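So this block is coords_27.tsv, TSV, C-alpha atoms:
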chain	number	residue	atom	x	y	z
A	1	MET	CA	108.58	96.28	130.36
A	2	LYS	CA	109.30	99.72	128.88
A	3	LYS	CA	106.95	100.96	126.17
A	4	SER	CA	109.86	101.72	123.86
A	5	ARG	CA	111.05	98.13	124.11
A	6	ILE	CA	107.53	96.80	123.58
A	7	LEU	CA	107.22	98.96	120.46
A	8	LEU	CA	110.60	97.86	119.05
A	9	THR	CA	109.96	94.19	119.73
A	10	ALA	CA	106.44	94.27	118.28
A	11	MET	CA	107.58	96.13	115.17
A	12	ILE	CA	110.24	93.51	114.41
A	13	SER	CA	107.51	90.89	114.09
A	14	CYS	CA	105.09	93.20	112.29
A	15	THR	CA	107.65	94.29	109.69
A	16	LEU	CA	108.65	90.70	108.97
A	17	TRP	CA	105.01	89.59	108.63
A	18	ALA	CA	104.23	92.55	106.35
A	19	SER	CA	107.07	91.57	104.01
A	20	ALA	CA	105.68	88.03	103.75
A	21	PHE	CA	102.64	89.11	101.67
A	22	PRO	CA	104.55	89.95	98.48
A	23	ALA	CA	107.10	87.18	99.15
A	24	VAL	CA	104.43	84.46	99.22
A	25	LYS	CA	102.65	85.77	96.12
A	26	LEU	CA	105.97	85.96	94.26
A	27	LEU	CA	106.71	82.39	95.36
A	28	PHE	CA	103.37	81.17	93.95
A	29	THR	CA	104.15	82.88	90.64
A	30	GLU	CA	107.72	81.61	90.51
A	31	LEU	CA	106.62	78.02	91.10
A	32	GLY	CA	103.63	78.29	88.75
A	33	ILE	CA	101.14	77.22	91.43
A	34	GLY	CA	98.34	79.62	90.52
A	35	SER	CA	95.08	78.64	92.24
A	36	ASP	CA	96.04	75.01	93.00
A	37	ALA	CA	94.88	74.67	96.63
A	38	SER	CA	96.58	71.33	97.25
A	39	ALA	CA	99.97	72.62	96.11
A	40	LYS	CA	99.62	75.73	98.24
A	41	ILE	CA	98.75	73.73	101.36
A	42	ALA	CA	101.73	71.44	100.70
A	43	LEU	CA	103.95	74.51	100.29
A	44	ALA	CA	102.63	76.00	103.55
A	45	GLY	CA	103.40	72.71	105.28
A	46	MET	CA	106.95	72.68	103.89
A	47	ARG	CA	107.47	76.25	105.11
A	48	PHE	CA	106.11	75.96	108.65
A	49	PHE	CA	107.27	72.43	109.42
A	50	THR	CA	110.81	73.45	108.42
A	51	ALA	CA	110.54	76.70	110.41
A	52	GLY	CA	109.37	74.80	113.49
A	53	LEU	CA	112.25	72.34	113.31
A	54	LEU	CA	114.70	75.21	112.75
A	55	ILE	CA	113.48	76.94	115.91
A	56	LEU	CA	113.82	73.75	117.97
A	57	VAL	CA	117.32	73.03	116.67
A	58	THR	CA	118.38	76.64	117.32
A	59	SER	CA	116.98	76.43	120.85
A	60	TYR	CA	118.93	73.22	121.48
A	61	ILE	CA	122.19	74.80	120.24
A	62	MET	CA	121.67	77.99	122.28
A	63	ASN	CA	120.59	76.35	125.54
A	64	LYS	CA	122.56	73.08	125.33
A	65	LYS	CA	119.45	71.07	126.15
A	66	ALA	CA	116.45	69.67	124.30
A	67	PRO	CA	113.51	72.13	124.14
A	68	LEU	CA	111.02	69.73	125.68
A	69	PRO	CA	107.92	70.98	127.49
A	70	GLU	CA	106.32	69.31	130.47
A	71	LYS	CA	104.26	66.21	129.65
A	72	SER	CA	101.04	68.02	130.47
A	73	GLN	CA	101.80	70.68	127.83
A	74	TRP	CA	102.03	68.49	124.72
A	75	GLY	CA	98.28	68.59	124.15
A	76	ASN	CA	98.19	72.37	124.53
A	77	LEU	CA	101.03	72.80	122.03
A	78	PHE	CA	99.28	70.56	119.53
A	79	LEU	CA	96.03	72.52	119.96
A	80	VAL	CA	97.80	75.87	119.46
A	81	GLY	CA	99.49	74.50	116.34
A	82	MET	CA	96.19	73.35	114.84
A	83	PHE	CA	94.73	76.84	115.16
A	84	GLN	CA	97.72	79.18	114.91
A	85	THR	CA	99.49	77.42	112.04
A	86	ALA	CA	97.36	74.72	110.39
A	87	GLY	CA	94.00	76.51	110.52
A	88	LEU	CA	95.23	80.02	109.85
A	89	TYR	CA	97.65	79.27	107.03
A	90	SER	CA	95.59	76.65	105.20
A	91	LEU	CA	92.93	79.33	104.69
A	92	TYR	CA	95.45	82.10	104.10
A	93	TYR	CA	97.43	80.26	101.43
A	94	VAL	CA	94.29	79.20	99.55
A	95	SER	CA	92.73	82.67	99.66
A	96	ILE	CA	95.74	84.80	98.76
A	97	ALA	CA	95.62	83.75	95.09
A	98	PHE	CA	92.23	85.47	94.76
A	99	VAL	CA	93.14	88.86	96.24
A	100	THR	CA	95.90	91.36	95.62
A	101	GLY	CA	98.85	91.55	97.99
A	102	VAL	CA	97.76	95.04	99.03
A	103	LYS	CA	94.26	93.89	99.98
A	104	ALA	CA	95.57	90.72	101.67
A	105	ALA	CA	97.84	92.85	103.85
A	106	VAL	CA	94.82	94.70	105.23
A	107	LEU	CA	92.16	91.98	105.45
A	108	SER	CA	94.44	89.46	107.13
A	109	GLN	CA	94.64	91.76	110.13
A	110	GLY	CA	90.95	91.38	110.94
A	111	GLY	CA	92.24	89.07	113.68
A	112	VAL	CA	93.40	92.13	115.60
A	113	PHE	CA	89.78	92.98	116.38
A	114	TYR	CA	88.76	89.37	117.05
A	115	MET	CA	91.55	89.05	119.61
A	116	ILE	CA	90.26	91.94	121.70
A	117	ILE	CA	86.87	90.25	121.99
A	118	LEU	CA	88.36	86.80	122.66
A	119	ALA	CA	90.75	88.22	125.27
A	120	TYR	CA	87.70	89.55	127.11
A	121	LEU	CA	85.74	86.30	126.85
A	122	PHE	CA	88.51	83.84	127.74
A	123	LEU	CA	91.24	85.79	129.53
A	124	GLY	CA	89.13	88.25	131.47
A	125	GLU	CA	90.95	91.26	129.99
A	126	ARG	CA	88.66	94.27	130.25
A	127	VAL	CA	87.27	95.71	127.03
A	128	LYS	CA	87.40	99.49	127.32
A	129	ARG	CA	85.42	102.03	125.35
A	130	LYS	CA	88.49	102.76	123.24
A	131	HIS	CA	88.63	99.09	122.21
A	132	LEU	CA	85.04	99.27	120.95
A	133	PHE	CA	85.74	102.49	119.08
A	134	GLY	CA	88.86	100.91	117.58
A	135	ILE	CA	86.92	97.86	116.41
A	136	PHE	CA	84.32	100.15	114.85
A	137	TRP	CA	86.88	102.09	112.81
A	138	GLY	CA	88.67	98.91	111.83
A	139	LEU	CA	85.46	97.37	110.48
A	140	ILE	CA	84.72	100.57	108.55
A	141	GLY	CA	88.19	100.28	107.03
A	142	ILE	CA	87.56	96.68	105.93
A	143	ILE	CA	84.24	97.71	104.31
A	144	VAL	CA	85.78	100.69	102.51
A	145	LEU	CA	88.70	98.55	101.35
A	146	ASN	CA	86.33	96.22	99.52
A	147	ILE	CA	84.45	98.93	97.63
A	148	ALA	CA	85.17	98.26	93.96
A	149	SER	CA	83.09	100.79	92.07
A	150	ILE	CA	80.81	103.46	93.47
A	151	GLY	CA	79.21	103.90	90.05
A	152	ASN	CA	78.13	100.30	89.67
A	153	ASP	CA	75.81	99.06	92.42
A	154	ALA	CA	76.04	95.48	91.19
A	155	GLN	CA	79.77	95.48	91.80
A	156	LEU	CA	79.89	97.90	94.71
A	157	PHE	CA	81.67	95.41	96.94
A	158	SER	CA	84.41	93.30	95.39
A	159	MET	CA	84.37	90.23	97.61
A	160	SER	CA	84.40	86.46	97.16
A	161	PHE	CA	84.22	83.59	99.62
A	162	GLN	CA	87.40	81.89	98.36
A	163	GLY	CA	89.29	85.18	98.51
A	164	GLU	CA	88.25	87.80	101.05
A	165	GLY	CA	85.95	85.41	102.92
A	166	LEU	CA	88.59	82.78	103.68
A	167	LEU	CA	91.13	85.48	104.44
A	168	LEU	CA	88.90	86.98	107.12
A	169	MET	CA	88.16	83.51	108.52
A	170	SER	CA	91.89	82.80	108.80
A	171	GLY	CA	92.13	85.66	111.28
A	172	VAL	CA	89.63	83.89	113.56
A	173	PHE	CA	91.83	80.78	113.69
A	174	GLY	CA	94.96	82.83	114.33
A	175	SER	CA	93.28	84.78	117.12
A	176	ILE	CA	92.07	81.62	118.84
A	177	GLY	CA	95.59	80.19	118.57
A	178	GLN	CA	97.13	83.20	120.29
A	179	ILE	CA	94.48	83.16	123.02
A	180	LEU	CA	95.23	79.47	123.64
A	181	ALA	CA	98.96	80.20	123.76
A	182	LYS	CA	98.43	83.00	126.26
A	183	LYS	CA	95.99	81.02	128.42
A	184	ARG	CA	97.54	77.54	128.41
A	185	CYS	CA	101.25	78.00	127.68
A	186	THR	CA	102.20	80.82	130.04
A	187	GLY	CA	105.74	80.47	131.37
A	188	MET	CA	106.90	78.20	128.56
A	189	PRO	CA	110.08	79.39	126.78
A	190	PRO	CA	108.99	81.22	123.59
A	191	MET	CA	111.24	79.13	121.35
A	192	THR	CA	109.83	75.90	122.81
A	193	LEU	CA	106.26	77.16	122.42
A	194	ASN	CA	106.67	78.43	118.88
A	195	GLY	CA	108.92	75.62	117.70
A	196	TRP	CA	106.55	72.85	118.72
A	197	GLN	CA	103.27	74.54	117.76
A	198	MET	CA	104.70	75.36	114.33
A	199	THR	CA	106.10	71.84	113.91
A	200	PHE	CA	102.72	70.30	114.79
A	201	GLY	CA	100.72	72.72	112.65
A	202	GLY	CA	103.18	72.65	109.76
A	203	GLY	CA	103.32	68.87	109.94
A	204	ALA	CA	99.53	68.64	109.66
A	205	LEU	CA	99.58	70.98	106.66
A	206	LEU	CA	102.42	69.01	105.06
A	207	ILE	CA	100.68	65.66	105.46
A	208	ALA	CA	97.37	67.00	104.13
A	209	GLY	CA	99.04	68.86	101.26
A	210	VAL	CA	101.24	65.96	100.18
A	211	ILE	CA	98.26	63.58	100.19
A	212	MET	CA	96.12	66.04	98.19
A	213	ASN	CA	98.92	67.15	95.87
A	214	GLY	CA	100.56	63.78	95.36
A	215	GLY	CA	103.90	64.95	96.78
A	216	ILE	CA	105.84	68.00	97.92
A	217	VAL	CA	106.15	71.08	95.73
A	218	PRO	CA	109.53	71.08	93.90
A	219	LEU	CA	111.56	74.28	94.19
A	220	THR	CA	112.64	74.60	90.59
A	221	SER	CA	114.63	77.84	90.58
A	222	GLY	CA	117.21	79.71	92.63
A	223	PHE	CA	114.78	82.59	93.16
A	224	GLY	CA	112.11	80.16	94.34
A	225	ILE	CA	114.53	78.66	96.86
A	226	PHE	CA	115.45	82.16	98.09
A	227	LEU	CA	111.78	83.12	98.54
A	228	MET	CA	111.09	79.88	100.40
A	229	LEU	CA	114.06	80.37	102.73
A	230	TYR	CA	113.01	83.97	103.37
A	231	SER	CA	109.44	82.85	104.16
A	232	ILE	CA	110.79	80.25	106.58
A	233	MET	CA	112.93	82.91	108.30
A	234	VAL	CA	109.94	85.25	108.61
A	235	ALA	CA	107.87	82.52	110.26
A	236	ALA	CA	110.63	81.38	112.61
A	237	VAL	CA	111.80	84.81	113.78
A	238	GLY	CA	108.51	86.73	113.61
A	239	PHE	CA	106.45	84.34	115.70
A	240	THR	CA	109.20	83.60	118.23
A	241	VAL	CA	109.69	87.31	118.92
A	242	TRP	CA	105.91	87.84	119.13
A	243	TYR	CA	105.36	84.96	121.55
A	244	SER	CA	108.17	86.23	123.77
A	245	LEU	CA	106.33	89.55	124.00
A	246	LEU	CA	102.92	87.91	124.38
A	247	GLN	CA	104.04	86.23	127.60
A	248	LYS	CA	105.13	89.49	129.21
A	249	VAL	CA	102.28	91.91	128.52
A	250	ASN	CA	98.49	91.88	128.09
A	251	ILE	CA	97.22	91.02	124.64
A	252	ASN	CA	95.21	94.24	124.41
A	253	ASP	CA	98.44	96.23	125.00
A	254	ILE	CA	100.27	94.83	121.98
A	255	VAL	CA	97.52	93.80	119.54
A	256	PRO	CA	97.15	97.38	118.19
A	257	TYR	CA	100.71	97.29	116.88
A	258	ARG	CA	99.63	94.56	114.46
A	259	LEU	CA	97.57	97.14	112.64
A	260	THR	CA	100.85	98.50	111.26
A	261	ILE	CA	101.04	95.30	109.18
A	262	PRO	CA	98.43	96.37	106.60
A	263	VAL	CA	100.19	99.71	106.14
A	264	LEU	CA	103.63	98.17	105.66
A	265	GLY	CA	102.27	95.18	103.74
A	266	SER	CA	100.37	97.41	101.31
A	267	ILE	CA	103.47	99.51	100.69
A	268	PHE	CA	105.71	96.47	100.20
A	269	SER	CA	103.17	94.83	97.85
A	270	ALA	CA	102.66	97.98	95.76
A	271	ILE	CA	106.43	98.38	95.37
A	272	ILE	CA	107.39	94.75	94.77
A	273	LEU	CA	104.47	93.03	93.01
A	274	PRO	CA	103.97	93.72	89.28
A	275	GLY	CA	100.68	95.37	88.41
A	276	GLU	CA	99.73	96.24	91.98
A	277	SER	CA	99.13	99.73	93.27
A	278	ILE	CA	97.49	101.51	96.17
A	279	THR	CA	94.08	102.75	95.00
A	280	VAL	CA	91.93	105.48	96.52
A	281	ASN	CA	89.63	103.07	98.38
A	282	ILE	CA	92.65	101.20	99.74
A	283	ILE	CA	94.12	104.47	101.01
A	284	PHE	CA	90.87	105.34	102.80
A	285	GLY	CA	90.56	101.78	104.10
A	286	LEU	CA	94.08	101.99	105.50
A	287	VAL	CA	93.32	105.34	107.10
A	288	PHE	CA	90.32	103.92	108.96
A	289	VAL	CA	92.30	100.86	110.08
A	290	VAL	CA	95.10	103.08	111.38
A	291	ILE	CA	92.54	105.26	113.18
A	292	GLY	CA	91.28	102.10	114.84
A	293	MET	CA	94.82	101.23	115.91
A	294	TYR	CA	95.37	104.73	117.29
A	295	VAL	CA	92.10	104.79	119.23
A	296	ILE	CA	92.91	101.46	120.85
A	297	SER	CA	96.49	102.33	121.74
A	298	VAL	CA	96.14	105.84	123.23
A	299	PRO	CA	95.11	106.48	126.87
A	300	GLU	CA	91.35	106.36	127.50
A	301	LYS	CA	90.91	110.08	128.07
A	302	ARG	CA	92.48	110.88	124.68
A	303	ALA	CA	90.63	108.16	122.78
A	304	MET	CA	87.33	109.99	123.00
Same coordinates, now as structure tokens:
Amino acid sequence: MKKSRILLTAMISCTLWASAFPAVKLLFTELGIGSDASAKIALAGMRFFTAGLLILVTSYIMNKKAPLPEKSQWGNLFLVGMFQTAGLYSLYYVSIAFVTGVKAAVLSQGGVFYMIILAYLFLGERVKRKHLFGIFWGLIGIIVLNIASIGNDAQLFSMSFQGEGLLLMSGVFGSIGQILAKKRCTGMPPMTLNGWQMTFGGGALLIAGVIMNGGIVPLTSGFGIFLMLYSIMVAAVGFTVWYSLLQKVNINDIVPYRLTIPVLGSIFSAIILPGESITVNIIFGLVFVVIGMYVISVPEKRAM
């Protein structure tokens, strides 16, 4: 597969995912959810369960046959859905209320570095020196990003478990989900893979959220409906395109492109969300993350 096509395909997914940060935060504000975890989990379930069904219906219309995997694959699809959708987005939706959209755009991509390690442990993909250097710079970026005030040692690092902590943990679940998809679902049509894993994961979120919240979250305004539909489209298109690429190339060859998400997400959030801006520490944090991406993506002899 040509590098130019890999780049274009990866950037379609990355740009869509980056735009989801301000969209989700605007949706929370529009619906008046605030920090209500149960409502956010229910909303995540509504989004991803609908997106999964939409993918499956679209696949059926395009291919004139039901997108059914082999019997032996149902368990794998369920497992991927529990990690990639249910685990990742339950933590992500709860945490995002406690961090800015700009910071969320950067911290949520910690999974990029986890995936390199997991790809080595479970897929046998070799970890090169440039991968280690990239992880180093990425971690430096995450640390710098969380510096709140150099002049106040007591508040030097602005972090909380329910905010930054859960957001970083969500990346672990997402990384495991993609490793499982690569290892156990190879050869499966991307729309079948993504449609079913998202339906299973979204369904689990929906059931848990509805039980906790006492029902689904009503979409009470036209703008809220628009934001929900846009979020569904981002999930359906972004992950289907990404999984199609994931099946054709090594994870370590495309994971670095995901580090464009914090750059684009920070820009989108600063432009769209009221009261948000890109501060000096965020700029430096982004610079280090991008350095990490560059080190990982360039040929070995240039990475040093």
What's around Tyr89 of chain A at 10 Å? Count all atoms listed in the file, leave out sequence neighbours fewer than 3 positions away in its own chain, and write the answer as a list in words. Lys40, Ile41, Ala44, Gly45, Phe48, Met82, Phe83, Gln84, Thr85, Ala86, Tyr92, Tyr93, Val94, Ser95, Leu167, Ser170, Gly171, Phe173, Gly174, Gly201, Gly202 and Leu205 of chain A
Quick one: residues within 8 Å of Ile135 of chain A, only C-alpha atoms, excluding same-chain residues fewer than 3 positions away - as a list in words?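 Near Ile135 of chain A, the qualifying residues are Phe113, His131, Leu132, Gly138, Leu139 and Gly292 of chain A.
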Do a neighbour search on Ser175 of chain A at 8 Å with all atoms listed in the file, toss out local chain neighbours closer than 2 positions, and write the hits as a list in words. Gln84, Gly111, Val112, Tyr114, Met115, Leu118, Gly171, Val172, Phe173, Gly177, Gln178 and Ile179 of chain A
Interatomic distance, atom CA of Lys71 of chain A to atom CA of Phe200 of chain A (Å, one decimal):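 Taking atom CA of Lys71 of chain A and atom CA of Phe200 of chain A, their separation equals 15.5 Å.
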Residues at most 12 Å from Gly75 of chain A, counting all atoms listed in the file, excluding those fewer than 6 positions away in the same chain, as a PyMOL selection string? chain A and resi 69+81-82+180-181+184-185+193+196-197+200
Using all atoms listed in the file, can you tell me which of A:Arg5, A:Thr15, A:Ser38, A:Val289 comes closest to Gly209 of chain A? A:Ser38
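Note that atom CA of Ala236 of chain A and atom CA of Gly52 of chain A are 6.8 Å apart.
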If you count only C-alpha atoms, which residues fall within 9 Å of segment 54-64 of chain A, apart from same-chain ones fewer than 5 positions away, as a ChimeraX atom specification? /A:49,191-192,194-196,199,232,236-237,240
Selection from above, C-alpha atoms, as a compact mmCIF listing (two decimals), in the coordinates of the input, can you write it?
# COMPACT_ATOMS: atom_id res chain seq x y z
CA PHE A 49 107.27 72.43 109.42
CA MET A 191 111.24 79.13 121.35
CA THR A 192 109.83 75.90 122.81
CA ASN A 194 106.67 78.43 118.88
CA GLY A 195 108.92 75.62 117.70
CA TRP A 196 106.55 72.85 118.72
CA THR A 199 106.10 71.84 113.91
CA ILE A 232 110.79 80.25 106.58
CA ALA A 236 110.63 81.38 112.61
CA VAL A 237 111.80 84.81 113.78
CA THR A 240 109.20 83.60 118.23
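Between Thr186 of chain A and the candidates A:Ser277, A:Ser244, A:Thr29, A:Ser231, the tightest atom-to-atom separation, counting only C-alpha atoms, involves A:Ser244.
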Closest to Gly32 of chain A among A:Gly224, A:Pro262, A:Val80, A:Lys128, using all atoms listed in the file?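 Using all atoms listed in the file, Gly32 of chain A sits closest to A:Gly224.
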Can you work out the spacing between atom CA of Leu53 of chain A and atom CA of Lys183 of chain A in Å, to one decimal?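 Separation of atom CA of Leu53 of chain A and atom CA of Lys183 of chain A: 23.8 Å.
Proximity ranking of A:Leu206, A:Ala37, A:Ile254, A:Val241 relative to Gln162 of chain A places A:Ala37 first, based on only C-alpha atoms.
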